[in-house]
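Everything below belongs to structure.tsv, which stores TSV, C-alpha atoms.
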```
chain	number	residue	atom	x	y	z
C	157	ALA	CA	-13.78	-9.48	19.59
C	158	ILE	CA	-12.29	-6.33	18.18
C	159	ALA	CA	-11.15	-6.09	14.57
C	160	ALA	CA	-8.75	-3.31	13.64
C	161	ILE	CA	-7.55	-1.99	10.34
C	162	GLY	CA	-4.47	0.18	10.60
C	163	HIS	CA	-0.74	0.42	10.19
C	164	GLU	CA	0.57	-0.64	13.59
C	165	GLY	CA	0.83	-4.12	15.11
C	166	VAL	CA	1.12	-2.71	18.63
C	167	LEU	CA	-2.49	-3.36	19.65
C	168	ALA	CA	-2.41	-6.97	18.48
C	169	GLN	CA	0.96	-7.40	20.18
C	170	ALA	CA	-0.39	-6.02	23.46
C	171	GLY	CA	-3.38	-8.35	23.25
C	172	THR	CA	-5.93	-5.53	23.24
C	173	VAL	CA	-7.08	-6.47	19.74
C	174	ASP	CA	-8.06	-9.97	18.76
C	175	VAL	CA	-7.56	-9.54	15.03
C	176	ALA	CA	-5.94	-6.83	12.92
C	177	VAL	CA	-5.94	-6.59	9.12
C	178	LEU	CA	-3.10	-4.43	7.87
C	179	ALA	CA	-0.02	-3.99	5.77
C	180	LEU	CA	3.27	-4.30	7.62
C	181	ALA	CA	6.74	-3.13	6.77
C	182	THR	CA	8.16	-5.37	9.50
C	183	VAL	CA	6.59	-8.02	11.72
C	184	PRO	CA	6.39	-6.98	15.36
C	185	PRO	CA	7.23	-9.55	18.03
C	186	GLY	CA	4.39	-11.20	19.90
C	187	VAL	CA	1.98	-11.55	16.99
C	188	GLU	CA	1.13	-14.30	14.55
C	189	VAL	CA	0.91	-13.23	10.91
C	190	THR	CA	-1.30	-14.85	8.28
C	191	PRO	CA	-0.73	-13.43	4.76
C	192	LEU	CA	-3.95	-12.36	3.01
C	193	ALA	CA	-2.85	-10.51	-0.13
C	194	ASP	CA	0.38	-9.88	-1.97
C	195	GLU	CA	0.23	-7.62	-5.01
C	196	PRO	CA	2.60	-5.55	-7.12
C	197	LEU	CA	2.75	-1.79	-6.95
C	198	ARG	CA	1.99	0.08	-10.16
C	199	ALA	CA	2.83	3.62	-11.16
C	200	VAL	CA	-0.24	5.84	-11.29
C	201	LEU	CA	0.06	8.72	-13.76
C	202	PRO	CA	-2.14	11.25	-15.51
C	203	ALA	CA	-4.10	9.49	-18.28
C	204	ASP	CA	-2.28	11.41	-21.02
C	205	ASP	CA	1.22	10.85	-19.59
C	206	GLU	CA	3.74	9.44	-22.08
C	207	LEU	CA	4.54	6.57	-19.67
C	208	ALA	CA	0.90	5.47	-19.20
C	209	GLY	CA	0.23	2.00	-20.55
C	210	ARG	CA	3.90	1.05	-20.71
C	211	THR	CA	6.20	-1.08	-18.60
C	212	ILE	CA	8.83	1.14	-17.03
C	213	ALA	CA	11.77	1.01	-14.66
C	214	LEU	CA	11.22	2.84	-11.40
C	215	ASP	CA	13.99	5.23	-12.44
C	216	ALA	CA	11.64	6.67	-15.10
C	217	LEU	CA	9.81	8.51	-12.29
C	218	ARG	CA	12.96	10.18	-10.95
C	219	GLY	CA	12.54	13.93	-10.50
C	220	ARG	CA	8.74	13.89	-10.63
C	221	PRO	CA	6.65	15.06	-7.68
C	222	PHE	CA	5.23	12.10	-5.76
C	223	ILE	CA	1.99	11.55	-3.94
C	224	LEU	CA	3.03	9.36	-1.02
C	225	ALA	CA	1.13	7.38	1.56
C	226	GLU	CA	0.99	8.86	5.05
C	227	PRO	CA	4.09	8.63	7.28
C	228	GLY	CA	4.27	5.47	9.35
C	229	THR	CA	2.48	3.27	6.82
C	230	ALA	CA	3.89	0.14	5.25
C	231	LEU	CA	3.00	1.42	1.77
C	232	ARG	CA	5.09	4.56	2.28
C	233	ASP	CA	8.01	2.50	3.63
C	234	THR	CA	7.79	0.17	0.61
C	235	VAL	CA	7.77	3.08	-1.86
C	236	LEU	CA	10.65	4.87	-0.13
C	237	GLY	CA	12.70	1.67	0.00
C	238	ALA	CA	12.08	0.92	-3.68
C	239	THR	CA	12.97	4.42	-4.88
C	240	GLN	CA	16.09	4.50	-2.72
C	241	ARG	CA	17.21	1.17	-4.20
C	242	ALA	CA	16.65	2.78	-7.61
C	243	GLY	CA	19.06	5.54	-6.56
C	244	TYR	CA	16.80	8.43	-5.60
C	245	SER	CA	14.39	9.73	-2.99
C	246	PRO	CA	10.96	10.79	-4.21
C	247	LEU	CA	9.96	14.44	-3.99
C	248	PRO	CA	6.83	14.24	-1.80
C	249	LEU	CA	4.25	16.78	-2.88
C	250	PHE	CA	1.26	15.31	-1.03
C	251	GLU	CA	0.83	12.69	1.70
C	252	VAL	CA	-2.53	10.90	1.63
C	253	GLY	CA	-4.02	7.58	2.62
C	254	ASP	CA	-7.21	7.42	0.59
C	255	PRO	CA	-7.04	5.67	-2.82
C	256	SER	CA	-9.61	8.02	-4.37
C	257	THR	CA	-7.67	11.08	-3.23
C	258	VAL	CA	-4.47	9.72	-4.77
C	259	ARG	CA	-6.27	9.23	-8.07
C	260	PHE	CA	-7.87	12.68	-7.94
C	261	LEU	CA	-4.51	14.39	-7.34
C	262	VAL	CA	-2.82	12.36	-10.11
C	263	ARG	CA	-5.65	13.07	-12.55
C	264	GLU	CA	-5.17	16.79	-11.91
C	265	GLY	CA	-1.47	16.45	-12.80
C	266	LEU	CA	-0.23	17.18	-9.27
C	267	GLY	CA	2.11	14.21	-9.06
C	268	VAL	CA	2.61	10.51	-9.63
C	269	GLY	CA	2.44	7.63	-7.21
C	270	LEU	CA	3.10	3.98	-6.60
C	271	VAL	CA	0.00	2.16	-5.45
C	272	PRO	CA	-1.18	-1.42	-5.01
C	273	ALA	CA	-2.59	-2.73	-8.28
C	274	SER	CA	-6.03	-3.23	-6.70
C	275	TRP	CA	-6.33	0.52	-6.07
C	276	LEU	CA	-6.59	0.98	-9.82
C	277	GLU	CA	-9.41	-1.55	-10.11
C	278	ARG	CA	-11.73	0.45	-7.85
C	279	PRO	CA	-14.10	3.12	-9.17
C	280	GLY	CA	-12.58	6.56	-9.14
C	281	PRO	CA	-11.12	9.34	-11.25
C	282	VAL	CA	-9.68	8.16	-14.56
C	283	VAL	CA	-5.89	7.93	-14.45
C	284	GLY	CA	-3.16	6.21	-16.39
C	285	ALA	CA	-0.98	3.44	-15.05
C	286	ALA	CA	2.33	1.81	-15.85
C	287	ASP	CA	3.63	-1.58	-14.82
C	288	LEU	CA	7.08	-1.66	-13.25
C	289	THR	CA	9.86	-3.95	-14.51
C	290	ASP	CA	10.72	-5.03	-10.96
C	291	PRO	CA	7.68	-4.01	-8.93
C	292	PRO	CA	7.84	-3.68	-5.17
C	293	ARG	CA	5.18	-5.75	-3.40
C	294	HIS	CA	2.39	-4.65	-1.07
C	295	ARG	CA	1.41	-7.31	1.47
C	296	VAL	CA	-1.68	-7.29	3.65
C	297	SER	CA	-1.78	-9.67	6.58
C	298	LEU	CA	-4.02	-10.86	9.36
C	299	LEU	CA	-2.45	-10.39	12.81
C	300	THR	CA	-3.44	-12.07	16.04
C	301	PRO	CA	-1.73	-12.05	19.44
C	302	ALA	CA	0.77	-14.91	19.78
C	303	ALA	CA	-0.81	-15.67	23.14
C	304	GLY	CA	-4.08	-16.37	21.33
C	305	ALA	CA	-7.26	-14.51	20.56
C	306	SER	CA	-10.61	-14.78	22.27
C	307	PRO	CA	-13.09	-17.38	20.92
C	308	ALA	CA	-14.81	-14.66	18.87
C	309	GLY	CA	-11.40	-13.47	17.63
C	310	ARG	CA	-10.46	-17.01	16.57
C	311	LEU	CA	-13.74	-17.34	14.65
C	312	LEU	CA	-13.17	-14.00	12.91
C	313	HIS	CA	-9.59	-15.03	12.08
C	314	GLU	CA	-10.79	-18.31	10.53
C	315	ARG	CA	-13.40	-16.51	8.39
C	316	LEU	CA	-11.01	-13.81	7.18
C	317	ALA	CA	-8.26	-16.34	6.42
C	318	GLN	CA	-10.70	-18.18	4.10
C	319	LEU	CA	-11.35	-15.12	1.89
```

Rewritten as structure tokens:
Amino acid sequence: AIAAIGHEGVLAQAGTVDVAVLALATVPPGVEVTPLADEPLRAVLPADDELAGRTIALDALRGRPFILAEPGTALRDTVLGATQRAGYSPLPLFEVGDPSTVRFLVREGLGVGLVPASWLERPGPVVGAADLTDPPRHRVSLLTPAAGASPAGRLLHERLAQL
């Protein structure tokens, strides 16, 4: 069985991957989705930022440079959708996919970001954070082909679904 971690459901849909663990902006046809995690996004800010430690509306970040997830990722789509609903488009300064890199860039004062809450629980550079009044959600799911996975893929799916 093959396990994939990524941002596309195409391989699971085509049946070339037995199990995929990823965040999705939309559910592709031909796959079965089992939710694994659903968490709020939080604003990540320099530790000495006046908004750190507060609960803020997303509008409070308007006009600031953003550190965004890479194009084509569900996290980026979620952030763009949330900021657009708040009436603005973020000014992307950097596009990265690694949680530690996001924290490093924020710590150095190079921008702010919206990240899954769990990213702030991992070891890394010290940054500030703010809760959002109406936080967008980041959802990670387990995908399998609708036609069914191999026996090894089914076993892996069962184990991951129990976590």

Shell of 8 Å around C:Val282, all atoms listed in the file, local chain residues under 4 positions omitted, as a compact mmCIF listing (two decimals) with C-alpha atoms, in the frame of the given file:
```txt
# COMPACT_ATOMS: atom_id res chain seq x y z
CA ALA C 203 -4.10 9.49 -18.28
CA ARG C 259 -6.27 9.23 -8.07
CA ARG C 263 -5.65 13.07 -12.55
```

**Study point:** Among the residues C:Gly280, C:Pro292, C:Gly237, C:Gly209, the one that comes closest to C:Val258 [using only C-alpha atoms]
**Key:** C:Gly280

**Study point:** From C:Glu226, C:Glu251, C:Glu188, C:Asp205, residue lying nearest C:Gly284 [all atoms listed in the file]
**Key:** C:Asp205

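Taking all atoms listed in the file into account, C:Leu178 lies nearest to C:Thr229 out of the set C:Glu314, C:Pro281, C:Pro196, C:Thr229.
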
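For C:Phe250, the list of residues within 9 Å, based on all atoms listed in the file and with local chain neighbours fewer than 3 positions off taken out, reads C:Pro221, C:Phe222, C:Ile223, C:Leu224, C:Ala225, C:Glu226, C:Val258, C:Leu261, C:Leu266, C:Gly267.
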
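Omitting C:Gly243 and its sequence neighbours fewer than 6 positions away, and counting all atoms listed in the file, the residues within 10 Å are Leu214, Asp215, Arg218 and Gly237 of chain C.
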
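Pairwise distance (atom CA of C:Glu195, atom CA of C:Val175) equals 21.6 Å.
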
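With distances restricted to all atoms listed in the file, C:Ala242 is the closest residue to C:Ala216 from C:Ala179, C:Val235, C:Ala242, C:Val187.
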
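For the pair atom CA of C:Ala181 and atom CA of C:Gln318, the interatomic distance is 23.2 Å.
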
Point to revise | Within 12 Å of C:Arg210 using all atoms listed in the file, minus same-chain residues under 3 positions, as an MDAnalysis selection string | key: chainID C and resid 198:201 203 205:207 213:214 216 284:289

Kindly export the residues of the current selection with C-alpha atoms, as a PDB file, in the coordinates of the input.
```pdb
ATOM      1  CA  ARG C 198       1.990   0.080 -10.160  1.00  0.00           C
ATOM      2  CA  ALA C 199       2.830   3.620 -11.160  1.00  0.00           C
ATOM      3  CA  VAL C 200      -0.240   5.840 -11.290  1.00  0.00           C
ATOM      4  CA  LEU C 201       0.060   8.720 -13.760  1.00  0.00           C
ATOM      5  CA  ALA C 203      -4.100   9.490 -18.280  1.00  0.00           C
ATOM      6  CA  ASP C 205       1.220  10.850 -19.590  1.00  0.00           C
ATOM      7  CA  GLU C 206       3.740   9.440 -22.080  1.00  0.00           C
ATOM      8  CA  LEU C 207       4.540   6.570 -19.670  1.00  0.00           C
ATOM      9  CA  ALA C 213      11.770   1.010 -14.660  1.00  0.00           C
ATOM     10  CA  LEU C 214      11.220   2.840 -11.400  1.00  0.00           C
ATOM     11  CA  ALA C 216      11.640   6.670 -15.100  1.00  0.00           C
ATOM     12  CA  GLY C 284      -3.160   6.210 -16.390  1.00  0.00           C
ATOM     13  CA  ALA C 285      -0.980   3.440 -15.050  1.00  0.00           C
ATOM     14  CA  ALA C 286       2.330   1.810 -15.850  1.00  0.00           C
ATOM     15  CA  ASP C 287       3.630  -1.580 -14.820  1.00  0.00           C
ATOM     16  CA  LEU C 288       7.080  -1.660 -13.250  1.00  0.00           C
ATOM     17  CA  THR C 289       9.860  -3.950 -14.510  1.00  0.00           C
TER      18      THR C 289
END
```

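Atom pair atom CA of C:Val177 / atom CA of C:Thr239: separated by 26.0 Å.
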